[in-house]
Structure formats: C-alpha cells, structure tokens
file protein24.csv (CSV, C-alpha atoms)
chain,number,residue,atom,x,y,z
H,425,MET,CA,0.0,0.0,0.0
H,426,ARG,CA,1.3,3.4,-0.9
H,427,LEU,CA,1.4,6.1,1.8
H,428,THR,CA,1.0,9.7,0.5
H,429,ILE,CA,1.0,13.0,2.3
H,430,PHE,CA,-0.9,15.9,0.7
H,431,ALA,CA,-0.3,19.3,2.2
H,432,VAL,CA,-1.6,22.8,1.5
H,433,GLY,CA,1.2,25.3,1.7
H,434,ARG,CA,4.9,24.9,1.0
H,435,MET,CA,7.6,24.5,3.6
H,436,LYS,CA,10.8,26.6,3.3
H,437,SER,CA,14.1,25.0,3.8
H,438,GLY,CA,15.2,24.7,7.4
H,439,PRO,CA,15.1,22.4,10.4
H,440,GLU,CA,11.4,21.5,10.0
H,441,THR,CA,11.9,20.4,6.4
H,442,GLU,CA,15.0,18.4,7.4
H,443,LEU,CA,13.0,16.6,10.2
H,444,VAL,CA,10.2,15.7,7.8
H,445,SER,CA,12.8,14.3,5.4
H,446,ARG,CA,14.5,12.3,8.1
H,447,TYR,CA,11.2,10.6,9.1
H,448,THR,CA,10.0,10.0,5.6
H,449,ASP,CA,13.4,8.6,4.6
H,450,ARG,CA,13.2,6.2,7.5
H,451,LEU,CA,9.6,5.4,6.6
H,452,ALA,CA,10.5,4.7,3.0
H,453,LYS,CA,13.3,2.3,4.0
H,454,ALA,CA,11.5,0.5,6.8
H,455,GLY,CA,8.1,0.2,5.2
H,456,LYS,CA,9.0,-1.7,2.1
H,457,ALA,CA,9.4,-5.0,3.9
H,458,LEU,CA,5.9,-4.6,5.3
H,459,GLY,CA,4.2,-3.7,2.0
H,460,LEU,CA,4.0,0.0,2.9
H,461,GLU,CA,5.6,2.2,0.4
H,462,PHE,CA,6.1,5.9,1.0
H,463,ASP,CA,4.7,7.5,-2.1
H,464,GLY,CA,5.9,11.1,-1.4
H,465,LEU,CA,4.6,14.4,-0.4
H,466,THR,CA,2.4,16.5,-2.7
H,467,GLU,CA,2.4,20.2,-1.8
H,468,ILE,CA,0.0,22.7,-3.3
H,469,PRO,CA,0.1,26.5,-2.7
H,470,GLU,CA,-2.6,28.0,-0.5
H,471,SER,CA,-5.5,29.3,-2.5
H,472,ARG,CA,-5.8,33.1,-3.0
H,473,ALA,CA,-9.6,33.1,-3.2
H,474,GLN,CA,-11.4,35.9,-1.4
H,475,THR,CA,-13.4,33.9,1.1
H,476,ALA,CA,-12.5,31.0,3.4
H,477,ALA,CA,-15.2,28.8,1.8
H,478,GLN,CA,-13.8,29.4,-1.6
H,479,ARG,CA,-10.2,28.7,-0.4
H,480,LYS,CA,-11.3,25.5,1.3
H,481,SER,CA,-13.2,24.4,-1.8
H,482,GLU,CA,-10.3,25.0,-4.2
H,483,GLU,CA,-7.7,23.3,-1.9
H,484,SER,CA,-10.0,20.4,-1.2
H,485,ASP,CA,-10.8,19.9,-4.9
H,486,LYS,CA,-7.0,19.2,-5.5
H,487,CYS,CA,-6.9,16.7,-2.7
H,488,ALA,CA,-10.1,15.0,-3.9
H,489,ALA,CA,-8.6,14.6,-7.3
H,490,LEU,CA,-5.9,12.4,-5.8
H,491,ALA,CA,-8.4,10.6,-3.6
H,492,ARG,CA,-10.4,9.5,-6.7
H,493,GLU,CA,-7.9,6.8,-7.5
H,494,ALA,CA,-9.3,3.4,-7.0
H,495,SER,CA,-8.9,1.8,-3.6
H,496,THR,CA,-7.7,4.9,-1.9
H,497,VAL,CA,-8.5,5.7,1.7
H,498,LEU,CA,-8.6,9.4,2.7
H,499,ILE,CA,-7.4,10.5,6.1
H,500,LEU,CA,-7.8,14.2,7.0
H,501,LEU,CA,-5.8,15.9,9.7
H,502,ASP,CA,-8.1,18.1,11.8
H,503,GLU,CA,-8.2,19.0,15.5
H,504,ARG,CA,-11.8,17.8,15.7
H,505,GLY,CA,-10.9,14.3,14.6
H,506,LYS,CA,-10.2,11.1,16.4
H,507,SER,CA,-7.0,10.7,18.5
H,508,PRO,CA,-6.0,7.1,18.4
H,509,SER,CA,-3.0,5.8,20.2
H,510,SER,CA,0.1,5.1,18.1
H,511,ARG,CA,-0.6,1.4,18.2
H,512,GLN,CA,-4.2,1.9,17.2
H,513,PHE,CA,-3.0,4.1,14.3
H,514,ALA,CA,-0.6,1.3,13.2
H,515,ASP,CA,-3.3,-1.3,13.4
H,516,ARG,CA,-5.6,0.8,11.2
H,517,ILE,CA,-2.9,1.2,8.6
H,518,ALA,CA,-2.3,-2.6,8.7
H,519,THR,CA,-6.0,-3.3,8.3
H,520,TRP,CA,-6.2,-1.1,5.2
H,521,ARG,CA,-3.1,-2.8,3.8
H,522,ASP,CA,-4.4,-6.3,4.6
H,523,ASN,CA,-7.8,-5.5,3.0
H,524,GLY,CA,-6.1,-4.6,-0.3
H,525,THR,CA,-6.2,-0.8,-0.1
H,526,ALA,CA,-3.9,0.6,-2.8
H,527,ARG,CA,-3.2,4.0,-1.2
H,528,ALA,CA,-3.7,5.9,2.1
H,529,LEU,CA,-3.8,9.6,1.4
H,530,PHE,CA,-3.1,11.8,4.5
H,531,ALA,CA,-4.3,15.4,3.9
H,532,ILE,CA,-3.1,18.4,5.9
H,533,GLY,CA,-5.4,21.3,5.0
H,534,GLY,CA,-4.8,25.0,4.6
H,535,PRO,CA,-5.2,27.7,7.3
H,536,ASP,CA,-9.0,27.6,6.8
H,537,GLY,CA,-9.2,23.8,7.2
H,538,HIS,CA,-10.9,21.3,5.0
H,539,ASP,CA,-14.0,21.7,2.9
H,540,PRO,CA,-17.1,20.0,4.5
H,541,ALA,CA,-17.6,17.9,1.3
H,542,LEU,CA,-14.0,16.5,1.7
H,543,ARG,CA,-14.7,15.8,5.4
H,544,GLU,CA,-17.8,13.8,4.3
H,545,ARG,CA,-15.7,11.8,1.8
H,546,ALA,CA,-12.9,11.1,4.4
H,547,ASP,CA,-12.5,7.5,5.7
H,548,LEU,CA,-10.9,8.9,8.9
H,549,VAL,CA,-10.5,12.4,10.4
H,550,LEU,CA,-7.4,12.2,12.5
H,551,SER,CA,-6.3,14.6,15.3
H,552,PHE,CA,-3.0,15.1,17.1
H,553,GLY,CA,-5.0,16.7,19.9
H,554,SER,CA,-7.6,19.4,20.3
H,555,GLN,CA,-5.1,22.2,19.9
H,556,THR,CA,-4.3,23.7,16.5
H,557,TRP,CA,-0.8,23.0,15.3
H,558,PRO,CA,1.2,24.9,12.7
H,559,HIS,CA,1.3,23.1,9.4
H,560,GLN,CA,5.1,22.5,9.6
H,561,LEU,CA,4.7,20.8,13.0
H,562,ALA,CA,1.7,18.8,11.7
H,563,ARG,CA,3.8,17.5,8.9
H,564,ILE,CA,6.6,16.5,11.2
H,565,MET,CA,4.2,14.7,13.6
H,566,LEU,CA,2.5,12.9,10.7
H,567,ALA,CA,5.8,11.8,9.2
H,568,GLU,CA,7.0,10.6,12.7
H,569,GLN,CA,3.7,8.7,13.4
H,570,LEU,CA,3.8,7.0,10.0
H,571,TYR,CA,7.4,5.9,10.7
H,572,ARG,CA,6.4,4.8,14.2
H,573,ALA,CA,3.5,2.8,12.8
H,574,VAL,CA,5.9,0.9,10.5
H,575,THR,CA,8.2,0.2,13.5
H,576,ILE,CA,5.3,-1.0,15.5
H,577,LEU,CA,4.1,-3.3,12.7
H,578,SER,CA,7.6,-4.7,12.3
H,579,GLY,CA,8.3,-5.3,16.0
H,580,HIS,CA,11.1,-2.8,16.1
H,581,PRO,CA,11.9,-1.4,19.6
H,582,TYR,CA,11.5,2.3,18.5
H,583,HIS,CA,8.0,2.4,20.1
H,584,ARG,CA,7.6,1.4,23.7
H,585,ASP,CA,4.2,1.0,25.3
call {"tool": "encode", "arguments": {"input": "protein24.csv", "output": "structure tokens"}}
result
Amino acid sequence: MRLTIFAVGRMKSGPETELVSRYTDRLAKAGKALGLEFDGLTEIPESRAQTAAQRKSEESDKCAALAREASTVLILLDERGKSPSSRQFADRIATWRDNGTARALFAIGGPDGHDPALRERADLVLSFGSQTWPHQLARIMLAEQLYRAVTILSGHPYHRD
C-alpha cells in the first residue's frame, strides 16, 4: 500500500523540512518489507480566493482529485478528529493494507481547514490533539507517526508501550 502525504502550503528549507525528510526517509526504508511504500509528499500552494469557503473548496478539490484513484482511503488531519494511540493508528494502517487498499492519502489542509464535502468523503478524520498546530509541525508529527506505525508493525523497539 502506498502512503502519500498531501499538504496545502509549501515548507521553506530549514530544520522543519529536514526533520520531515528524516522521518520520511526512515519510513521509505522500513516500510518496504511490510508492503508499505512511502509515495511522497504532494504540496500545493494556498488558495488566494477571497473567502474562506472558496479557499477550502479550491484546496480540497485538488486533494479530492488524488483521492479519486481506485482503492484509496482518505485521512484528513483536523483537530476535531479522532485521536487514536500510536498502536491503534498502526493497526488501522495494517488493516487497510491487509484489506487490499492501494493507497492511504493523508491530507493536511490550509489555514482555513478542509471543505465540508471533503470531510464527508474522508475515511478517517485524525487529530493530534484538540489544539491547532502549525502546518510545519503537523507534517513533522504525521511523518513521525507513520514511521512509528511501521516500526510497531515490524516489531522494532522504537515504540515502547
């Protein structure tokens, strides 16, 4: 199963970008043996539309286009979502993989969030807590949690309960 990160906004070079790269590189190497392939990060610029609703719609349309691929699960990051433990998150990824899902698309929305239509389409709305996180930190946390999920599934001692 391919794991893809979709993000609204572009990160500048710096320590945040380096940390995302560190975790996604680890993910790419460790995931292959488990049938989990890191498919990369798709970045789009923030919409310049005049209203928040228009911005969310434009940004979500680009994400939805990627999610239309057959056998894709869509996971939105949003502070109003579910907060599974790392082990529960890993188990969910393994279930999707074992059920023949071709791609898991993890979407980080823009400053205005996700369009309601995209939220309706989502297979899971995921939260890293009820606080709002800057997009750079959300990317780091997502990359780390995906790597952690792979280590949990492989029995690697990186994660400790």
call {"tool": "residues_near_point", "arguments": {"input": "protein24.csv", "point": "(-12.0, 23.7, 2.2)", "cutoff": "8 Å", "atoms": "only C-alpha atoms", "output": "number ranges by chain"}}
result
H: 476-484, 533-534, 536-540, 542
call {"tool": "closest_residue", "arguments": {"input": "protein24.csv", "among": "H:His583, H:Gln569, H:Arg492, H:Ile564", "to": "H:Arg446", "atoms": "only C-alpha atoms"}}
result
H:Ile564
call {"tool": "residues_around", "arguments": {"input": "protein24.csv", "residues": "stretch 549-555 of chain H", "least_positions_apart": "5", "cutoff": "10 Å", "atoms": "only C-alpha atoms", "output": "PyMOL selection string"}}
result
chain H and resi 498-509+513+530-531+543-544+562+565-566+569
call {"tool": "closest_residue", "arguments": {"input": "protein24.csv", "among": "H:Leu427, H:Ala488, H:Leu548, H:Ala567", "to": "H:Lys456", "atoms": "only C-alpha atoms"}}
result
H:Leu427
call {"tool": "residues_near_point", "arguments": {"input": "protein24.csv", "point": "(8.8, 13.8, 12.3)", "cutoff": "12 Å", "atoms": "only C-alpha atoms", "output": "PyMOL selection string"}}
result
chain H and resi 439-451+560-572
call {"tool": "atom_distance", "arguments": {"input": "protein24.csv", "atom1": "atom CA of H:Thr466", "atom2": "atom CA of H:Phe430"}}
result
4.8 Å
call {"tool": "closest_residue", "arguments": {"input": "protein24.csv", "among": "H:Arg434, H:Lys486, H:Lys453, H:Arg516", "to": "H:Leu577", "atoms": "only C-alpha atoms"}}
result
H:Arg516
call {"tool": "closest_residue", "arguments": {"input": "protein24.csv", "among": "H:Gly433, H:Gly455, H:Pro558, H:Gly438", "to": "H:Thr575", "atoms": "all atoms listed in the file"}}
result
H:Gly455
call {"tool": "atom_distance", "arguments": {"input": "protein24.csv", "atom1": "atom CA of H:Tyr582", "atom2": "atom CA of H:Thr519"}}
result
21.0 Å
call {"tool": "closest_residue", "arguments": {"input": "protein24.csv", "among": "H:Ala489, H:Ala473, H:Val574, H:Ala431", "to": "H:Arg511", "atoms": "all atoms listed in the file"}}
result
H:Val574
call {"tool": "closest_atom_pairs", "arguments": {"input": "protein24.csv", "of": "stretch 452-513 of chain H", "to": "stretch 520-524 of chain H", "cutoff": "10 Å", "atoms": "only C-alpha atoms", "output": "CSV"}}
result
residue,atom,partner,partner_atom,distance
H:Leu458,CA,H:Arg521,CA,9.3
H:Gly459,CA,H:Arg521,CA,7.6
H:Leu460,CA,H:Arg521,CA,7.7
H:Ser495,CA,H:Gly524,CA,7.7
H:Thr496,CA,H:Trp520,CA,9.4
H:Val497,CA,H:Trp520,CA,8.0
call {"tool": "atom_distance", "arguments": {"input": "protein24.csv", "atom1": "atom CA of H:Phe462", "atom2": "atom CA of H:Ile517"}}
result
12.7 Å
call {"tool": "closest_residue", "arguments": {"input": "protein24.csv", "among": "H:Ala494, H:Ala452, H:Ile429, H:Ile576", "to": "H:Ala514", "atoms": "all atoms listed in the file"}}
result
H:Ile576
call {"tool": "decode", "arguments": {"input": "protein24.csv", "residues": "stretch 486-502 of chain H", "atoms": "all heavy atoms", "output": "short mmCIF file (atom, residue, chain, number, x, y, z; two decimals), in the first residue's frame"}}
result
data_model
loop_
_atom_site.label_atom_id
_atom_site.label_comp_id
_atom_site.auth_asym_id
_atom_site.auth_seq_id
_atom_site.Cartn_x
_atom_site.Cartn_y
_atom_site.Cartn_z
N LYS H 486 -8.34 19.82 -5.11
CA LYS H 486 -7.05 19.25 -5.54
C LYS H 486 -6.75 17.97 -4.77
O LYS H 486 -6.21 17.01 -5.32
CB LYS H 486 -5.94 20.28 -5.38
CG LYS H 486 -6.11 21.44 -6.35
CD LYS H 486 -5.07 22.50 -6.16
CE LYS H 486 -5.37 23.65 -7.14
NZ LYS H 486 -4.49 24.78 -6.94
N CYS H 487 -7.11 17.94 -3.50
CA CYS H 487 -6.92 16.73 -2.71
C CYS H 487 -7.87 15.64 -3.18
O CYS H 487 -7.48 14.49 -3.35
CB CYS H 487 -7.16 17.03 -1.23
SG CYS H 487 -6.96 15.60 -0.16
N ALA H 488 -9.13 16.01 -3.42
CA ALA H 488 -10.13 15.04 -3.86
C ALA H 488 -9.74 14.39 -5.17
O ALA H 488 -10.03 13.21 -5.39
CB ALA H 488 -11.50 15.71 -3.98
N ALA H 489 -9.06 15.14 -6.03
CA ALA H 489 -8.62 14.57 -7.31
C ALA H 489 -7.65 13.41 -7.07
O ALA H 489 -7.71 12.39 -7.77
CB ALA H 489 -7.96 15.65 -8.17
N LEU H 490 -6.78 13.53 -6.09
CA LEU H 490 -5.86 12.43 -5.75
C LEU H 490 -6.60 11.27 -5.10
O LEU H 490 -6.24 10.11 -5.30
CB LEU H 490 -4.77 12.92 -4.81
CG LEU H 490 -3.73 13.88 -5.36
CD1 LEU H 490 -2.80 14.34 -4.24
CD2 LEU H 490 -2.92 13.22 -6.46
N ALA H 491 -7.64 11.59 -4.34
CA ALA H 491 -8.38 10.55 -3.61
C ALA H 491 -9.32 9.77 -4.51
O ALA H 491 -9.87 8.76 -4.08
CB ALA H 491 -9.14 11.18 -2.45
N ARG H 492 -9.53 10.22 -5.74
CA ARG H 492 -10.44 9.51 -6.65
C ARG H 492 -9.85 8.21 -7.18
O ARG H 492 -10.57 7.38 -7.71
CB ARG H 492 -10.81 10.42 -7.83
CG ARG H 492 -11.84 11.45 -7.47
CD ARG H 492 -12.36 12.20 -8.68
NE ARG H 492 -13.06 13.38 -8.24
CZ ARG H 492 -12.58 14.60 -8.25
NH1 ARG H 492 -11.38 14.84 -8.74
NH2 ARG H 492 -13.28 15.62 -7.80
N GLU H 493 -8.55 8.06 -7.06
CA GLU H 493 -7.90 6.84 -7.53
C GLU H 493 -8.54 5.64 -6.83
O GLU H 493 -8.87 5.69 -5.65
CB GLU H 493 -6.41 6.93 -7.18
CG GLU H 493 -5.60 5.78 -7.69
CD GLU H 493 -4.13 5.96 -7.37
OE1 GLU H 493 -3.57 7.00 -7.71
OE2 GLU H 493 -3.57 5.04 -6.78
N ALA H 494 -8.70 4.58 -7.58
CA ALA H 494 -9.34 3.38 -7.04
C ALA H 494 -8.63 2.89 -5.79
O ALA H 494 -7.41 2.95 -5.68
CB ALA H 494 -9.36 2.28 -8.10
N SER H 495 -9.40 2.39 -4.86
CA SER H 495 -8.91 1.79 -3.64
C SER H 495 -8.00 2.71 -2.83
O SER H 495 -6.94 2.33 -2.36
CB SER H 495 -8.19 0.47 -3.95
OG SER H 495 -7.91 -0.21 -2.75
N THR H 496 -8.45 3.96 -2.67
CA THR H 496 -7.73 4.94 -1.86
C THR H 496 -8.54 5.27 -0.63
O THR H 496 -9.74 5.53 -0.72
CB THR H 496 -7.47 6.24 -2.66
OG1 THR H 496 -6.59 5.94 -3.74
CG2 THR H 496 -6.84 7.32 -1.80
N VAL H 497 -7.90 5.24 0.53
CA VAL H 497 -8.54 5.74 1.74
C VAL H 497 -8.02 7.16 1.97
O VAL H 497 -6.85 7.45 1.73
CB VAL H 497 -8.31 4.85 2.98
CG1 VAL H 497 -8.99 3.51 2.83
CG2 VAL H 497 -6.85 4.67 3.29
N LEU H 498 -8.90 8.02 2.42
CA LEU H 498 -8.57 9.43 2.65
C LEU H 498 -8.61 9.70 4.14
O LEU H 498 -9.63 9.47 4.79
CB LEU H 498 -9.57 10.33 1.91
CG LEU H 498 -9.43 11.83 2.14
CD1 LEU H 498 -8.06 12.34 1.68
CD2 LEU H 498 -10.56 12.58 1.43
N ILE H 499 -7.50 10.21 4.66
CA ILE H 499 -7.37 10.54 6.07
C ILE H 499 -7.09 12.03 6.17
O ILE H 499 -6.07 12.51 5.66
CB ILE H 499 -6.22 9.74 6.74
CG1 ILE H 499 -6.43 8.24 6.55
CG2 ILE H 499 -6.13 10.09 8.22
CD1 ILE H 499 -5.70 7.65 5.39
N LEU H 500 -7.99 12.77 6.80
CA LEU H 500 -7.80 14.21 6.97
C LEU H 500 -7.26 14.49 8.36
O LEU H 500 -7.71 13.88 9.34
CB LEU H 500 -9.13 14.95 6.81
CG LEU H 500 -9.90 14.80 5.51
CD1 LEU H 500 -11.12 15.71 5.53
CD2 LEU H 500 -9.02 15.13 4.32
N LEU H 501 -6.32 15.41 8.45
CA LEU H 501 -5.85 15.86 9.74
C LEU H 501 -6.66 17.08 10.14
O LEU H 501 -6.77 18.04 9.38
CB LEU H 501 -4.36 16.20 9.70
CG LEU H 501 -3.44 15.00 9.95
CD1 LEU H 501 -3.53 13.99 8.84
CD2 LEU H 501 -2.04 15.45 10.20
N ASP H 502 -7.24 17.02 11.34
CA ASP H 502 -8.12 18.08 11.81
C ASP H 502 -8.23 17.94 13.33
O ASP H 502 -8.40 16.83 13.83
CB ASP H 502 -9.50 17.93 11.16
CG ASP H 502 -10.43 19.08 11.49
OD1 ASP H 502 -10.87 19.18 12.65
OD2 ASP H 502 -10.73 19.87 10.58
#
